[in-house]
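What follows is data_18.txt (compact mmCIF, C-alpha atoms).
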```txt
# COMPACT_ATOMS: atom_id res chain seq x y z
CA MET A 18 -3.70 -17.87 53.58
CA ILE A 19 -6.03 -20.71 52.59
CA ASP A 20 -7.87 -21.28 55.86
CA PHE A 21 -10.06 -24.14 54.60
CA ALA A 22 -10.80 -25.65 51.19
CA SER A 23 -13.47 -28.35 51.40
CA ASN A 24 -12.61 -29.83 47.99
CA ILE A 25 -8.80 -29.84 48.38
CA PRO A 26 -7.53 -32.19 51.11
CA GLY A 27 -4.57 -30.84 53.05
CA TRP A 28 -5.16 -27.18 52.24
CA THR A 29 -5.91 -26.10 55.79
CA HIS A 30 -4.07 -23.00 57.03
CA PHE A 31 -1.96 -23.23 53.89
CA PRO A 32 0.11 -20.03 53.24
CA LEU A 33 -0.45 -19.94 49.47
CA GLN A 34 0.65 -16.35 48.93
CA GLN A 35 3.96 -16.90 50.72
CA TYR A 36 4.48 -20.21 48.93
CA VAL A 37 4.04 -18.60 45.50
CA GLN A 38 6.31 -15.70 46.39
CA ASP A 39 9.04 -18.00 47.68
CA HIS A 40 8.80 -20.35 44.69
CA PHE A 41 8.70 -17.76 41.90
CA HIS A 42 10.55 -14.91 43.65
CA ILE A 43 7.92 -12.34 42.69
CA PRO A 44 5.25 -10.42 44.64
CA ALA A 45 1.92 -12.27 44.70
CA LEU A 46 -1.70 -11.54 45.51
CA VAL A 47 -4.16 -14.31 46.35
CA GLY A 48 -7.88 -14.16 45.64
CA ASN A 49 -10.85 -16.53 45.73
CA ASP A 50 -11.56 -17.82 42.21
CA ALA A 51 -15.22 -16.74 42.20
CA ASN A 52 -14.32 -13.30 43.56
CA LEU A 53 -11.77 -12.88 40.80
CA ALA A 54 -14.27 -14.06 38.18
CA ALA A 55 -16.75 -11.50 39.50
CA TYR A 56 -14.08 -8.82 39.22
CA GLY A 57 -13.24 -9.92 35.68
CA GLU A 58 -16.88 -9.90 34.55
CA TRP A 59 -17.35 -6.47 36.11
CA LYS A 60 -14.25 -5.02 34.44
CA TYR A 61 -14.41 -6.71 31.05
CA GLY A 62 -17.57 -8.79 30.70
CA ALA A 63 -21.30 -8.81 31.40
CA GLY A 64 -20.93 -6.45 34.38
CA ILE A 65 -19.48 -3.47 32.50
CA GLY A 66 -21.35 -0.31 33.51
CA HIS A 67 -22.83 -1.76 36.72
CA ARG A 68 -21.85 -0.42 40.12
CA ASN A 69 -23.55 -3.22 42.10
CA LEU A 70 -23.56 -6.82 40.93
CA ILE A 71 -23.43 -10.43 42.03
CA TYR A 72 -21.61 -13.11 40.07
CA ILE A 73 -22.60 -16.74 40.65
CA THR A 74 -20.81 -19.69 39.10
CA ILE A 75 -22.82 -22.92 38.97
CA SER A 76 -20.72 -25.97 38.22
CA THR A 77 -19.35 -28.75 40.47
CA GLY A 78 -20.14 -26.41 43.36
CA ILE A 79 -21.55 -22.91 43.60
CA GLY A 80 -19.22 -19.96 44.04
CA SER A 81 -19.89 -16.26 43.92
CA GLY A 82 -18.45 -12.80 44.12
CA ILE A 83 -20.02 -9.47 45.02
CA ILE A 84 -19.28 -5.96 43.76
CA ILE A 85 -20.90 -3.15 45.76
CA GLU A 86 -20.39 0.48 44.75
CA GLU A 87 -17.58 -0.63 42.44
CA LYS A 88 -15.69 -2.43 45.19
CA LEU A 89 -15.13 -6.17 45.61
CA VAL A 90 -16.66 -7.34 48.89
CA THR A 91 -14.26 -9.65 50.71
CA GLY A 92 -15.22 -9.16 54.37
CA VAL A 93 -13.06 -9.02 57.48
CA THR A 94 -11.26 -12.34 56.91
CA GLY A 95 -11.74 -12.71 53.16
CA GLY A 96 -14.70 -15.04 53.55
CA ALA A 97 -17.48 -12.87 52.13
CA GLY A 98 -19.49 -13.96 49.12
CA GLU A 99 -19.84 -17.67 49.88
CA LEU A 100 -23.38 -17.74 48.57
CA GLY A 101 -23.18 -21.44 47.78
CA HIS A 102 -23.18 -22.01 51.52
CA ILE A 103 -26.30 -20.13 52.50
CA THR A 104 -29.03 -22.42 53.83
CA VAL A 105 -32.05 -22.72 51.53
CA GLU A 106 -33.54 -25.97 52.87
CA GLU A 107 -32.86 -26.69 56.53
CA GLU A 108 -33.33 -30.46 56.27
CA GLY A 109 -31.81 -30.65 52.79
CA PRO A 110 -28.95 -32.85 51.60
CA VAL A 111 -25.45 -32.67 53.06
CA CYS A 112 -23.20 -30.13 51.34
CA SER A 113 -19.54 -30.66 50.44
CA CYS A 114 -18.67 -28.58 53.51
CA GLY A 115 -20.44 -31.07 55.77
CA LEU A 116 -23.51 -28.98 56.66
CA ARG A 117 -27.06 -29.52 55.45
CA GLY A 118 -29.32 -27.67 53.06
CA HIS A 119 -26.87 -25.29 51.44
CA LEU A 120 -27.56 -23.84 48.00
CA GLU A 121 -24.60 -25.79 46.61
CA ALA A 122 -26.12 -29.07 47.81
CA LEU A 123 -29.39 -28.35 46.01
CA ALA A 124 -28.57 -26.38 42.87
CA SER A 125 -25.02 -27.14 41.69
CA GLY A 126 -24.18 -29.43 38.80
CA THR A 127 -23.27 -32.09 41.33
CA ALA A 128 -26.64 -31.64 43.07
CA ILE A 129 -28.47 -32.06 39.77
CA GLU A 130 -26.54 -35.28 39.12
CA LYS A 131 -27.23 -36.67 42.61
CA TYR A 132 -30.94 -35.87 42.39
CA VAL A 133 -31.29 -37.68 39.08
CA GLU A 134 -29.31 -40.66 40.39
CA GLN A 135 -31.54 -40.94 43.47
CA GLU A 136 -34.71 -40.73 41.40
CA LEU A 137 -33.45 -43.36 38.95
CA LEU A 138 -32.63 -45.69 41.85
CA SER A 139 -36.18 -45.23 43.12
CA GLY A 140 -37.48 -46.50 39.78
CA ARG A 141 -38.33 -43.27 37.98
CA PRO A 142 -38.55 -43.72 34.19
CA SER A 143 -36.08 -41.69 32.16
CA LEU A 144 -34.02 -41.58 28.99
CA LEU A 145 -31.07 -41.90 31.36
CA SER A 146 -29.90 -45.20 32.80
CA VAL A 147 -29.31 -46.01 36.45
CA ALA A 148 -26.38 -48.18 35.30
CA HIS A 149 -24.52 -45.15 33.96
CA PRO A 150 -24.22 -42.13 36.32
CA ALA A 151 -25.12 -39.12 34.20
CA SER A 152 -23.20 -35.85 34.19
CA ALA A 153 -25.05 -32.54 34.39
CA LEU A 154 -24.32 -32.07 30.68
CA GLU A 155 -25.88 -35.45 29.82
CA ILE A 156 -28.89 -34.54 31.96
CA GLU A 157 -29.13 -31.25 30.06
CA PHE A 158 -29.15 -33.10 26.74
CA ALA A 159 -31.83 -35.49 28.03
CA ALA A 160 -33.93 -32.56 29.24
CA LYS A 161 -33.74 -30.93 25.81
CA LYS A 162 -35.04 -34.21 24.36
CA GLY A 163 -38.05 -33.93 26.65
CA ASP A 164 -37.00 -36.24 29.48
CA ALA A 165 -39.32 -35.36 32.36
CA LEU A 166 -36.92 -36.32 35.15
CA SER A 167 -34.08 -34.26 33.67
CA ILE A 168 -36.34 -31.24 33.20
CA GLU A 169 -37.50 -31.64 36.81
CA ALA A 170 -33.88 -31.74 38.04
CA TYR A 171 -33.08 -28.43 36.35
CA ARG A 172 -36.35 -26.87 37.50
CA ARG A 173 -35.57 -27.93 41.06
CA ALA A 174 -32.12 -26.32 40.89
CA GLY A 175 -33.61 -23.18 39.33
CA PHE A 176 -36.20 -22.97 42.09
CA TYR A 177 -33.55 -22.85 44.81
CA LEU A 178 -31.34 -20.46 42.87
CA GLY A 179 -34.27 -18.11 42.32
CA ARG A 180 -35.20 -18.21 45.98
CA ALA A 181 -31.61 -17.48 47.00
CA ILE A 182 -31.34 -14.60 44.51
CA ALA A 183 -34.57 -13.12 45.91
CA ASP A 184 -32.94 -13.03 49.35
CA LEU A 185 -29.78 -11.48 47.90
CA LEU A 186 -31.82 -8.75 46.22
CA ALA A 187 -33.34 -7.86 49.57
CA VAL A 188 -29.90 -7.65 51.19
CA LEU A 189 -27.73 -6.13 48.44
CA ASN A 190 -30.12 -4.70 45.80
CA PRO A 191 -27.80 -5.22 42.79
CA SER A 192 -28.70 -4.17 39.25
CA ILE A 193 -27.51 -7.46 37.74
CA VAL A 194 -26.78 -11.06 38.64
CA ILE A 195 -24.30 -12.75 36.29
CA LEU A 196 -24.42 -16.53 36.00
CA GLY A 197 -21.32 -18.47 34.98
CA GLY A 198 -20.20 -22.08 35.13
CA GLY A 199 -21.25 -25.12 33.15
CA VAL A 200 -24.87 -25.28 34.37
CA SER A 201 -25.50 -21.69 33.23
CA LEU A 202 -24.73 -22.78 29.66
CA SER A 203 -28.00 -24.74 29.60
CA GLY A 204 -29.78 -21.46 28.84
CA PRO A 205 -33.56 -21.32 29.33
CA LEU A 206 -33.49 -24.74 30.98
CA ILE A 207 -32.03 -23.10 34.10
CA PHE A 208 -32.78 -19.40 33.51
CA ASP A 209 -36.56 -19.82 33.13
CA PRO A 210 -37.14 -21.59 36.49
CA ILE A 211 -34.77 -19.12 38.18
CA TRP A 212 -36.90 -16.22 36.98
CA GLU A 213 -40.13 -18.00 37.90
CA SER A 214 -38.89 -18.64 41.42
CA LEU A 215 -37.38 -15.17 41.77
CA ARG A 216 -40.65 -13.45 40.87
CA ALA A 217 -42.48 -15.67 43.37
CA HIS A 218 -40.06 -14.95 46.23
CA ALA A 219 -38.98 -11.32 45.72
CA ILE A 220 -40.50 -9.25 48.51
CA SER A 221 -41.24 -6.35 46.16
CA ALA A 222 -41.46 -5.86 42.40
CA LYS A 223 -39.35 -2.74 42.99
CA TYR A 224 -36.27 -4.95 43.30
CA LEU A 225 -36.86 -6.24 39.76
CA GLU A 226 -37.11 -2.81 38.12
CA GLY A 227 -34.09 -2.40 35.88
CA PHE A 228 -32.71 -5.67 37.21
CA SER A 229 -31.40 -8.42 34.93
CA ILE A 230 -29.90 -11.89 35.11
CA GLN A 231 -27.32 -12.37 32.39
CA PRO A 232 -24.97 -15.16 31.35
CA ALA A 233 -21.28 -14.53 31.92
CA LYS A 234 -19.33 -13.42 28.86
CA LEU A 235 -15.75 -14.34 29.69
CA GLY A 236 -16.05 -18.09 30.23
CA ASP A 237 -12.97 -19.74 31.72
CA GLN A 238 -11.00 -16.51 31.27
CA ALA A 239 -13.05 -14.58 33.85
CA GLY A 240 -10.88 -15.50 36.83
CA LEU A 241 -7.62 -14.88 34.97
CA LEU A 242 -8.78 -11.48 33.74
CA GLY A 243 -10.11 -10.66 37.20
CA ALA A 244 -6.76 -11.56 38.76
CA PHE A 245 -4.99 -9.33 36.25
CA ALA A 246 -7.39 -6.43 36.87
CA LEU A 247 -7.23 -6.77 40.65
CA ALA A 248 -3.44 -6.86 40.65
CA GLU A 249 -3.35 -3.83 38.38
CA ASP A 250 -5.82 -1.92 40.59
CA ARG A 251 -3.81 -2.73 43.71
```
Written as structure tokens, that's how I'd like the structure from this file.
Amino acid sequence: MIDFASNIPGWTHFPLQQYVQDHFHIPALVGNDANLAAYGEWKYGAGIGHRNLIYITISTGIGSGIIIEEKLVTGVTGGAGELGHITVEEEGPVCSCGLRGHLEALASGTAIEKYVEQELLSGRPSLLSVAHPASALEIEFAAKKGDALSIEAYRRAGFYLGRAIADLLAVLNPSIVILGGGVSLSGPLIFDPIWESLRAHAISAKYLEGFSIQPAKLGDQAGLLGAFALAEDR
């Protein structure tokens, strides 16, 4: 059952599993895309060999999945792992879900784009033009050319991601965080400020011993492979 999907109008209390079963006349399992991507990366990708991991996808929004002691954490109603909707700045911008200050509203690809747009409208100089709304990928390219505003936008996102990961380490103590999604493909541009912020906010260096942050390996196939693996395991 899809209880609520903020980015898909009309999908409220939508019985997706039953719909698929009735339409295709086959048994069906339904899983959150980020959870399935986490499962796929754990089974076949960057998470192989880890018993405790967090997968975070950073693109239009921020999704995530959690594996603890080799089990996918879904919670009582299937709503566990919504790390994009933890509050990292109480008076921050409005998130796609309608609440303020969520990680997704400050560190997603969309958040990077909105920050740059706002700064351009305020008169900030940049290689980018206020007349042409820039995508996160265009901002990445500008940052790699030395554009100060674009670099700042990625550093800002990395700061909030690092702070959120520091909190997650204190709660879940994983051995690895895997980053997927388009923003993660910017490499050091996002990874370096994440690490800088994480080291500043981790409550103990002990959490960082043997810990790593790695890029996802499976790309767009992670969710598909995770769905296959989960169905097979069930």
| task | Point out the residue among A:Glu169, A:Glu108, A:Glu213, A:Glu58 with the least atom-to-atom distance to Ile182 (chain A), counting all atoms listed in the file. | result |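 Between A:Glu169, A:Glu108, A:Glu213, A:Glu58, the residue approaching Ile182 (chain A) most closely is A:Glu213.
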| note | Shortest contact to Asp50 (chain A), candidates A:Asn69, A:Thr29, A:Asn24, A:Thr74, atoms counted all atoms listed in the file, goes to A:Thr74
| request: Point out the residue among A:Gly198, A:Gly98, A:Gly78, A:Pro205 with the least atom-to-atom distance to Arg172 (chain A), counting all atoms listed in the file. | output: A:Pro205
| request: Find the distance between CA of Ile79 (chain A) and CA of Glu155 (chain A) and write it in Å to one decimal. | output: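 Between CA of Ile79 (chain A) and CA of Glu155 (chain A) the gap works out to 19.1 Å.
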| Selection: 12 Å around Ala248 (chain A), only C-alpha atoms, excl. self and same-chain fewer than 2 positions, as a list of chain:residue names | A:Pro44, A:Ala45, A:Leu46, A:Val47, A:Gly48, A:Leu53, A:Tyr56, A:Gly57, A:Leu241, A:Leu242, A:Gly243, A:Ala244, A:Phe245, A:Ala246, A:Asp250, A:Arg251
| request: Quick one: everything within 9 Å of region 185-189 of chain A, counting all atoms listed in the file, minus sequence neighbours fewer than 2 positions away in the same chain. Send it as a count of residues only. | output: 16
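Picture a line from CA of Ser167 (chain A) to CA of Pro142 (chain A); it runs 10.5 Å.
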Would you kindly identify which residues have an atom no farther than 8 Å from (-19.9, -13.5, 40.7), using all atoms listed in the file and the file's own coordinates, and write them out as a tab-separated table (two decimals) with C-alpha atoms, in the frame of the given file?
```tsv
chain	number	residue	atom	x	y	z
A	51	ALA	CA	-15.22	-16.74	42.20
A	52	ASN	CA	-14.32	-13.30	43.56
A	54	ALA	CA	-14.27	-14.06	38.18
A	55	ALA	CA	-16.75	-11.50	39.50
A	56	TYR	CA	-14.08	-8.82	39.22
A	58	GLU	CA	-16.88	-9.90	34.55
A	70	LEU	CA	-23.56	-6.82	40.93
A	71	ILE	CA	-23.43	-10.43	42.03
A	72	TYR	CA	-21.61	-13.11	40.07
A	73	ILE	CA	-22.60	-16.74	40.65
A	74	THR	CA	-20.81	-19.69	39.10
A	80	GLY	CA	-19.22	-19.96	44.04
A	81	SER	CA	-19.89	-16.26	43.92
A	82	GLY	CA	-18.45	-12.80	44.12
A	83	ILE	CA	-20.02	-9.47	45.02
A	194	VAL	CA	-26.78	-11.06	38.64
A	195	ILE	CA	-24.30	-12.75	36.29
A	196	LEU	CA	-24.42	-16.53	36.00
A	197	GLY	CA	-21.32	-18.47	34.98
```
So that I can see what lies close to Leu145 (chain A), please list as a PDB file with C-alpha atoms, in the coordinates of the input the residues with an atom at most 12 Å from it, counting only C-alpha atoms and leaving out residues fewer than 2 positions away in the same chain.
```
ATOM      1  CA  GLU A 130     -26.540 -35.280  39.120  1.00  0.00           C
ATOM      2  CA  VAL A 133     -31.290 -37.680  39.080  1.00  0.00           C
ATOM      3  CA  GLU A 134     -29.310 -40.660  40.390  1.00  0.00           C
ATOM      4  CA  GLU A 136     -34.710 -40.730  41.400  1.00  0.00           C
ATOM      5  CA  LEU A 137     -33.450 -43.360  38.950  1.00  0.00           C
ATOM      6  CA  LEU A 138     -32.630 -45.690  41.850  1.00  0.00           C
ATOM      7  CA  GLY A 140     -37.480 -46.500  39.780  1.00  0.00           C
ATOM      8  CA  ARG A 141     -38.330 -43.270  37.980  1.00  0.00           C
ATOM      9  CA  PRO A 142     -38.550 -43.720  34.190  1.00  0.00           C
ATOM     10  CA  SER A 143     -36.080 -41.690  32.160  1.00  0.00           C
ATOM     11  CA  VAL A 147     -29.310 -46.010  36.450  1.00  0.00           C
ATOM     12  CA  ALA A 148     -26.380 -48.180  35.300  1.00  0.00           C
ATOM     13  CA  HIS A 149     -24.520 -45.150  33.960  1.00  0.00           C
ATOM     14  CA  PRO A 150     -24.220 -42.130  36.320  1.00  0.00           C
ATOM     15  CA  ALA A 151     -25.120 -39.120  34.200  1.00  0.00           C
ATOM     16  CA  SER A 152     -23.200 -35.850  34.190  1.00  0.00           C
ATOM     17  CA  ALA A 153     -25.050 -32.540  34.390  1.00  0.00           C
ATOM     18  CA  LEU A 154     -24.320 -32.070  30.680  1.00  0.00           C
ATOM     19  CA  GLU A 155     -25.880 -35.450  29.820  1.00  0.00           C
ATOM     20  CA  ILE A 156     -28.890 -34.540  31.960  1.00  0.00           C
ATOM     21  CA  GLU A 157     -29.130 -31.250  30.060  1.00  0.00           C
ATOM     22  CA  PHE A 158     -29.150 -33.100  26.740  1.00  0.00           C
ATOM     23  CA  ALA A 159     -31.830 -35.490  28.030  1.00  0.00           C
ATOM     24  CA  ALA A 160     -33.930 -32.560  29.240  1.00  0.00           C
ATOM     25  CA  LYS A 162     -35.040 -34.210  24.360  1.00  0.00           C
ATOM     26  CA  GLY A 163     -38.050 -33.930  26.650  1.00  0.00           C
ATOM     27  CA  ASP A 164     -37.000 -36.240  29.480  1.00  0.00           C
ATOM     28  CA  ALA A 165     -39.320 -35.360  32.360  1.00  0.00           C
ATOM     29  CA  LEU A 166     -36.920 -36.320  35.150  1.00  0.00           C
ATOM     30  CA  SER A 167     -34.080 -34.260  33.670  1.00  0.00           C
TER      31      SER A 167
END
```
| task | Provide the CA of Ala233 (chain A) to CA of Gly204 (chain A) distance in Å, to one decimal place. | result | 11.4 Å
| Selection: 10 Å around Ser113 (chain A), all atoms listed in the file, excl. self and same-chain fewer than 4 positions, as a PyMOL selection string | chain A and resi 23-24+78+102+117+119+121-122+127
